[in-house]
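One structure is given below, encoded as C-alpha cells.
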Amino acid sequence: QLKVVESGGGSVQPGGSLNVSCSVFGFHLKDYVIGWFRQAPGKGREGVSCISQDGFGTNYVSSVKGRFTISRDNYRNEVVLQMNMLEPEDIAVYYCAARSFDYRAGVCLASHWYTYWGRGTRVTVSA
C-alpha cells in the first residue's frame with residue numbers, strides 16, 4: 001500500500017521554530033520529488049517548498065524564503081521542513097506530497113503535479 005505520512009507540527013509562539021517530517025511507505029523515497037503544501041483556514045492549498053530526488057534542487061514560495069529549509073535523507077526515509085521565525089500567517093495544515101518525475105523548480109510547487117498525498121499535520125502559531 002502506497003502511503004505518505006506527515007509527523008511533527010504542533011503549536012508555537014510567534015518567532016518560534018518547528019519541524020514537520022514526511023515519510024513514505026510502499027515505495028522508495030529516493031525516486032520521488034517531495035513537495036510541502038499548506039492550507040490555511042478559509043484559503044486554498046499553497047505550495048511551500050519542494051526538493052529533488054537527490055536533494056540538490058530546492059524551491060520555496062517567496063513568503064517563507066530565509067525562514068524555512070527543506071532537506072531529505074533517503075536512507076532514513078525522511079524529508080524535513082524546518083520552519084523558523086514562524087508567524088501567525090504560517091498557521092495551516094501542512095501536507096506532504098510525492099511524485100516520480102524529473103525535478104523542475106518551476107513546477108514542483110504546483111499541487112496538480114503530485115500523485116501521492118499525506119493527510120496533513122496542523123501548525124498553529126499563537127501567543
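Just so we're on the same page: first chain in the C-alpha cells is A, next is B, and so on; residues restart at 1 for each chain, and ligands are numbered from 1 in the order they show up.
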Would you mind listing what lies within 12 Å of region 104-115 of chain A as a VMD selection string, with only C-alpha atoms counted and same-chain residues fewer than 4 positions away left out? chain A and resid 2 to 4 32 to 39 44 to 53 56 to 62 95 to 100
Those residues you just picked out, can you put them in a file as a JSON list (two decimals), in the first residue's frame with N, CA and C atoms?
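Listing of selection.json after writing:
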```json
[["chain", "number", "residue", "atom", "x", "y", "z"],
["A", 2, "LEU", "N", 0.65, 2.13, -0.94],
["A", 2, "LEU", "CA", 1.45, 3.34, -1.04],
["A", 2, "LEU", "C", 0.89, 4.39, -0.10],
["A", 3, "LYS", "N", 1.78, 4.96, 0.71],
["A", 3, "LYS", "CA", 1.30, 5.90, 1.71],
["A", 3, "LYS", "C", 2.34, 6.99, 1.96],
["A", 4, "VAL", "N", 1.86, 8.20, 2.20],
["A", 4, "VAL", "CA", 2.69, 9.33, 2.61],
["A", 4, "VAL", "C", 2.21, 9.76, 3.98],
["A", 32, "TYR", "N", 11.47, 9.88, -5.71],
["A", 32, "TYR", "CA", 10.36, 10.83, -5.74],
["A", 32, "TYR", "C", 10.75, 12.25, -5.38],
["A", 33, "VAL", "N", 10.23, 13.17, -6.16],
["A", 33, "VAL", "CA", 10.23, 14.58, -5.77],
["A", 33, "VAL", "C", 9.21, 14.73, -4.63],
["A", 34, "ILE", "N", 9.58, 15.49, -3.62],
["A", 34, "ILE", "CA", 8.69, 15.72, -2.48],
["A", 34, "ILE", "C", 8.35, 17.21, -2.40],
["A", 35, "GLY", "N", 7.09, 17.46, -2.20],
["A", 35, "GLY", "CA", 6.63, 18.84, -2.02],
["A", 35, "GLY", "C", 5.90, 18.99, -0.70],
["A", 36, "TRP", "N", 6.07, 20.16, -0.11],
["A", 36, "TRP", "CA", 5.28, 20.52, 1.07],
["A", 36, "TRP", "C", 4.28, 21.60, 0.66],
["A", 37, "PHE", "N", 3.04, 21.40, 1.06],
["A", 37, "PHE", "CA", 1.97, 22.33, 0.77],
["A", 37, "PHE", "C", 1.27, 22.68, 2.08],
["A", 38, "ARG", "N", 0.53, 23.77, 2.07],
["A", 38, "ARG", "CA", -0.22, 24.12, 3.26],
["A", 38, "ARG", "C", -1.57, 24.73, 2.87],
["A", 39, "GLN", "N", -2.51, 24.57, 3.78],
["A", 39, "GLN", "CA", -3.83, 25.16, 3.58],
["A", 39, "GLN", "C", -4.24, 25.85, 4.85],
["A", 44, "GLY", "N", -7.07, 28.49, -0.08],
["A", 44, "GLY", "CA", -6.72, 27.36, -0.92],
["A", 44, "GLY", "C", -5.36, 26.78, -0.56],
["A", 45, "ARG", "N", -5.04, 25.66, -1.18],
["A", 45, "ARG", "CA", -3.77, 25.00, -0.91],
["A", 45, "ARG", "C", -2.63, 25.75, -1.61],
["A", 46, "GLU", "N", -1.54, 25.92, -0.89],
["A", 46, "GLU", "CA", -0.39, 26.69, -1.38],
["A", 46, "GLU", "C", 0.87, 25.85, -1.34],
["A", 47, "GLY", "N", 1.65, 25.89, -2.41],
["A", 47, "GLY", "CA", 2.94, 25.23, -2.40],
["A", 47, "GLY", "C", 3.92, 25.99, -1.55],
["A", 48, "VAL", "N", 4.60, 25.30, -0.63],
["A", 48, "VAL", "CA", 5.53, 25.94, 0.30],
["A", 48, "VAL", "C", 6.97, 25.68, -0.10],
["A", 49, "SER", "N", 7.30, 24.41, -0.35],
["A", 49, "SER", "CA", 8.67, 24.06, -0.69],
["A", 49, "SER", "C", 8.68, 22.72, -1.38],
["A", 50, "CYS", "N", 9.75, 22.44, -2.11],
["A", 50, "CYS", "CA", 9.89, 21.16, -2.78],
["A", 50, "CYS", "C", 11.37, 20.83, -2.91],
["A", 51, "ILE", "N", 11.65, 19.54, -3.11],
["A", 51, "ILE", "CA", 13.03, 19.10, -3.15],
["A", 51, "ILE", "C", 13.17, 17.97, -4.15],
["A", 52, "SER", "N", 14.27, 18.00, -4.90],
["A", 52, "SER", "CA", 14.52, 16.98, -5.90],
["A", 52, "SER", "C", 14.90, 15.66, -5.25],
["A", 53, "GLN", "N", 14.95, 14.62, -6.08],
["A", 53, "GLN", "CA", 15.23, 13.28, -5.56],
["A", 53, "GLN", "C", 16.59, 13.20, -4.86],
["A", 56, "PHE", "N", 19.55, 18.10, -4.15],
["A", 56, "PHE", "CA", 20.31, 19.28, -4.57],
["A", 56, "PHE", "C", 19.44, 20.38, -5.15],
["A", 57, "GLY", "N", 18.24, 20.05, -5.56],
["A", 57, "GLY", "CA", 17.33, 21.05, -6.09],
["A", 57, "GLY", "C", 16.24, 21.36, -5.09],
["A", 58, "THR", "N", 16.08, 22.64, -4.76],
["A", 58, "THR", "CA", 15.03, 23.03, -3.84],
["A", 58, "THR", "C", 14.36, 24.31, -4.34],
["A", 59, "ASN", "N", 13.15, 24.51, -3.91],
["A", 59, "ASN", "CA", 12.42, 25.73, -4.25],
["A", 59, "ASN", "C", 11.50, 26.09, -3.08],
["A", 60, "TYR", "N", 11.24, 27.39, -2.95],
["A", 60, "TYR", "CA", 10.41, 27.88, -1.86],
["A", 60, "TYR", "C", 9.47, 28.96, -2.36],
["A", 61, "VAL", "N", 8.30, 29.02, -1.77],
["A", 61, "VAL", "CA", 7.43, 30.17, -2.03],
["A", 61, "VAL", "C", 8.08, 31.39, -1.37],
["A", 62, "SER", "N", 7.89, 32.55, -1.96],
["A", 62, "SER", "CA", 8.62, 33.73, -1.52],
["A", 62, "SER", "C", 8.37, 34.07, -0.05],
["A", 95, "TYR", "N", 0.79, 19.66, 4.31],
["A", 95, "TYR", "CA", 0.68, 18.39, 3.61],
["A", 95, "TYR", "C", 1.98, 18.08, 2.88],
["A", 96, "CYS", "N", 2.32, 16.80, 2.86],
["A", 96, "CYS", "CA", 3.45, 16.31, 2.09],
["A", 96, "CYS", "C", 2.91, 15.57, 0.86],
["A", 97, "ALA", "N", 3.56, 15.74, -0.26],
["A", 97, "ALA", "CA", 3.15, 15.09, -1.49],
["A", 97, "ALA", "C", 4.36, 14.53, -2.22],
["A", 98, "ALA", "N", 4.13, 13.47, -3.00],
["A", 98, "ALA", "CA", 5.22, 12.80, -3.69],
["A", 98, "ALA", "C", 4.85, 12.50, -5.13],
["A", 99, "ARG", "N", 5.85, 12.59, -5.99],
["A", 99, "ARG", "CA", 5.64, 12.18, -7.38],
["A", 99, "ARG", "C", 6.98, 11.80, -8.00],
["A", 100, "SER", "N", 6.93, 10.78, -8.81],
["A", 100, "SER", "CA", 8.12, 10.33, -9.51],
["A", 100, "SER", "C", 8.17, 11.04, -10.86]]
```
Spatial neighbours of Asp90 (chain A), 10 Å, only C-alpha atoms, chain gap at least 2 places, as a PyMOL selection string: chain A and resi 14+38-40+63-64+83+85-88+92-94+123-125
Could you save those same residues with N, CA, C and O atoms as an mmCIF file, in the first residue's frame?
```cif
data_model
loop_
_atom_site.group_PDB
_atom_site.id
_atom_site.type_symbol
_atom_site.label_atom_id
_atom_site.label_comp_id
_atom_site.auth_asym_id
_atom_site.auth_seq_id
_atom_site.Cartn_x
_atom_site.Cartn_y
_atom_site.Cartn_z
ATOM 1 N N PRO A 14 4.816 33.083 18.228
ATOM 2 C CA PRO A 14 5.421 33.816 17.108
ATOM 3 C C PRO A 14 6.928 33.959 17.297
ATOM 4 O O PRO A 14 7.405 34.229 18.405
ATOM 5 N N ARG A 38 0.530 23.769 2.070
ATOM 6 C CA ARG A 38 -0.223 24.119 3.260
ATOM 7 C C ARG A 38 -1.568 24.726 2.872
ATOM 8 O O ARG A 38 -1.717 25.295 1.779
ATOM 9 N N GLN A 39 -2.511 24.573 3.783
ATOM 10 C CA GLN A 39 -3.828 25.159 3.576
ATOM 11 C C GLN A 39 -4.241 25.853 4.855
ATOM 12 O O GLN A 39 -4.468 25.199 5.881
ATOM 13 N N ALA A 40 -4.313 27.165 4.795
ATOM 14 C CA ALA A 40 -4.736 27.961 5.934
ATOM 15 C C ALA A 40 -6.257 27.976 5.996
ATOM 16 O O ALA A 40 -6.931 27.748 4.985
ATOM 17 N N SER A 63 7.190 33.786 0.445
ATOM 18 C CA SER A 63 6.838 34.179 1.817
ATOM 19 C C SER A 63 7.611 33.406 2.886
ATOM 20 O O SER A 63 7.629 33.817 4.053
ATOM 21 N N VAL A 64 8.251 32.295 2.518
ATOM 22 C CA VAL A 64 8.992 31.507 3.514
ATOM 23 C C VAL A 64 10.494 31.496 3.267
ATOM 24 O O VAL A 64 11.246 30.932 4.072
ATOM 25 N N MET A 83 11.082 24.931 10.052
ATOM 26 C CA MET A 83 10.405 26.218 9.977
ATOM 27 C C MET A 83 10.852 27.106 11.133
ATOM 28 O O MET A 83 10.644 26.764 12.299
ATOM 29 N N MET A 85 11.300 31.295 12.717
ATOM 30 C CA MET A 85 10.656 32.624 12.733
ATOM 31 C C MET A 85 9.197 32.514 12.288
ATOM 32 O O MET A 85 8.743 33.262 11.424
ATOM 33 N N LEU A 86 8.489 31.589 12.874
ATOM 34 C CA LEU A 86 7.097 31.365 12.490
ATOM 35 C C LEU A 86 6.229 32.564 12.832
ATOM 36 O O LEU A 86 6.420 33.221 13.860
ATOM 37 N N GLU A 87 5.290 32.817 11.948
ATOM 38 C CA GLU A 87 4.381 33.958 12.062
ATOM 39 C C GLU A 87 2.948 33.446 12.076
ATOM 40 O O GLU A 87 2.674 32.336 11.620
ATOM 41 N N PRO A 88 2.018 34.247 12.573
ATOM 42 C CA PRO A 88 0.608 33.820 12.521
ATOM 43 C C PRO A 88 0.151 33.478 11.105
ATOM 44 O O PRO A 88 -0.728 32.623 10.941
ATOM 45 N N ALA A 92 -1.573 26.746 9.460
ATOM 46 C CA ALA A 92 -2.172 25.966 8.376
ATOM 47 C C ALA A 92 -2.050 24.487 8.690
ATOM 48 O O ALA A 92 -1.336 24.090 9.617
ATOM 49 N N VAL A 93 -2.720 23.693 7.883
ATOM 50 C CA VAL A 93 -2.445 22.270 7.845
ATOM 51 C C VAL A 93 -1.394 22.066 6.757
ATOM 52 O O VAL A 93 -1.567 22.533 5.622
ATOM 53 N N TYR A 94 -0.323 21.398 7.114
ATOM 54 C CA TYR A 94 0.788 21.177 6.193
ATOM 55 C C TYR A 94 0.705 19.754 5.640
ATOM 56 O O TYR A 94 0.597 18.786 6.398
ATOM 57 N N VAL A 123 -0.200 23.081 12.079
ATOM 58 C CA VAL A 123 0.758 24.010 12.693
ATOM 59 C C VAL A 123 -0.007 25.249 13.151
ATOM 60 O O VAL A 123 -0.732 25.864 12.367
ATOM 61 N N THR A 124 0.169 25.578 14.407
ATOM 62 C CA THR A 124 -0.501 26.744 14.994
ATOM 63 C C THR A 124 0.551 27.691 15.577
ATOM 64 O O THR A 124 1.495 27.240 16.228
ATOM 65 N N VAL A 125 0.376 28.968 15.335
ATOM 66 C CA VAL A 125 1.276 29.988 15.858
ATOM 67 C C VAL A 125 0.431 30.985 16.637
ATOM 68 O O VAL A 125 -0.423 31.663 16.061
#
```
DSSP-assigned strand (DSSP E or B) among chain A, expressed as a PyMOL selection string: chain A and resi 3-8+10-12+18-25+33-39+45-51+58-60+68-73+78-83+92-99+116-117+121-125
Restrict the selected residues to C-alpha atoms and save them as a CSV table (one decimal), in the first residue's frame.
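Okay, again_29.csv is ready:
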```
chain,number,residue,atom,x,y,z
A,3,LYS,CA,1.3,5.9,1.7
A,4,VAL,CA,2.7,9.3,2.6
A,5,VAL,CA,2.8,10.2,6.3
A,6,GLU,CA,3.5,13.5,7.9
A,7,SER,CA,4.6,14.0,11.5
A,8,GLY,CA,5.6,16.9,13.7
A,10,GLY,CA,2.0,21.5,16.9
A,11,SER,CA,1.8,24.9,18.4
A,12,VAL,CA,4.5,27.6,18.9
A,18,LEU,CA,9.0,23.8,14.4
A,19,ASN,CA,9.9,20.9,12.2
A,20,VAL,CA,7.5,18.8,10.1
A,21,SER,CA,8.6,15.5,8.7
A,22,CYS,CA,7.4,13.3,5.8
A,23,SER,CA,8.0,9.6,5.2
A,24,VAL,CA,6.7,7.3,2.5
A,25,PHE,CA,5.7,3.6,2.6
A,33,VAL,CA,10.2,14.6,-5.8
A,34,ILE,CA,8.7,15.7,-2.5
A,35,GLY,CA,6.6,18.8,-2.0
A,36,TRP,CA,5.3,20.5,1.1
A,37,PHE,CA,2.0,22.3,0.8
A,38,ARG,CA,-0.2,24.1,3.3
A,39,GLN,CA,-3.8,25.2,3.6
A,45,ARG,CA,-3.8,25.0,-0.9
A,46,GLU,CA,-0.4,26.7,-1.4
A,47,GLY,CA,2.9,25.2,-2.4
A,48,VAL,CA,5.5,25.9,0.3
A,49,SER,CA,8.7,24.1,-0.7
A,50,CYS,CA,9.9,21.2,-2.8
A,51,ILE,CA,13.0,19.1,-3.2
A,58,THR,CA,15.0,23.0,-3.8
A,59,ASN,CA,12.4,25.7,-4.3
A,60,TYR,CA,10.4,27.9,-1.9
A,68,PHE,CA,12.1,27.6,6.1
A,69,THR,CA,14.6,24.9,5.0
A,70,ILE,CA,13.8,21.7,3.3
A,71,SER,CA,16.1,18.7,3.4
A,72,ARG,CA,15.9,14.9,2.9
A,73,ASP,CA,17.7,11.8,4.0
A,78,GLU,CA,12.6,11.3,5.7
A,79,VAL,CA,12.0,14.7,4.3
A,80,VAL,CA,12.1,17.5,6.9
A,81,LEU,CA,10.7,21.0,6.6
A,82,GLN,CA,12.5,23.1,9.2
A,83,MET,CA,10.4,26.2,10.0
A,92,ALA,CA,-2.2,26.0,8.4
A,93,VAL,CA,-2.4,22.3,7.8
A,94,TYR,CA,0.8,21.2,6.2
A,95,TYR,CA,0.7,18.4,3.6
A,96,CYS,CA,3.4,16.3,2.1
A,97,ALA,CA,3.1,15.1,-1.5
A,98,ALA,CA,5.2,12.8,-3.7
A,99,ARG,CA,5.6,12.2,-7.4
A,116,TYR,CA,0.5,10.8,-3.6
A,117,TRP,CA,-0.6,12.9,-0.6
A,121,THR,CA,-0.3,17.9,10.2
A,122,ARG,CA,-1.5,21.1,11.8
A,123,VAL,CA,0.8,24.0,12.7
A,124,THR,CA,-0.5,26.7,15.0
A,125,VAL,CA,1.3,30.0,15.9
```
Quote the spacing between CA of Asp31 (chain A) and CA of Phe101 (chain A) in Å to one decimal place.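 It comes out at 8.3 Å.
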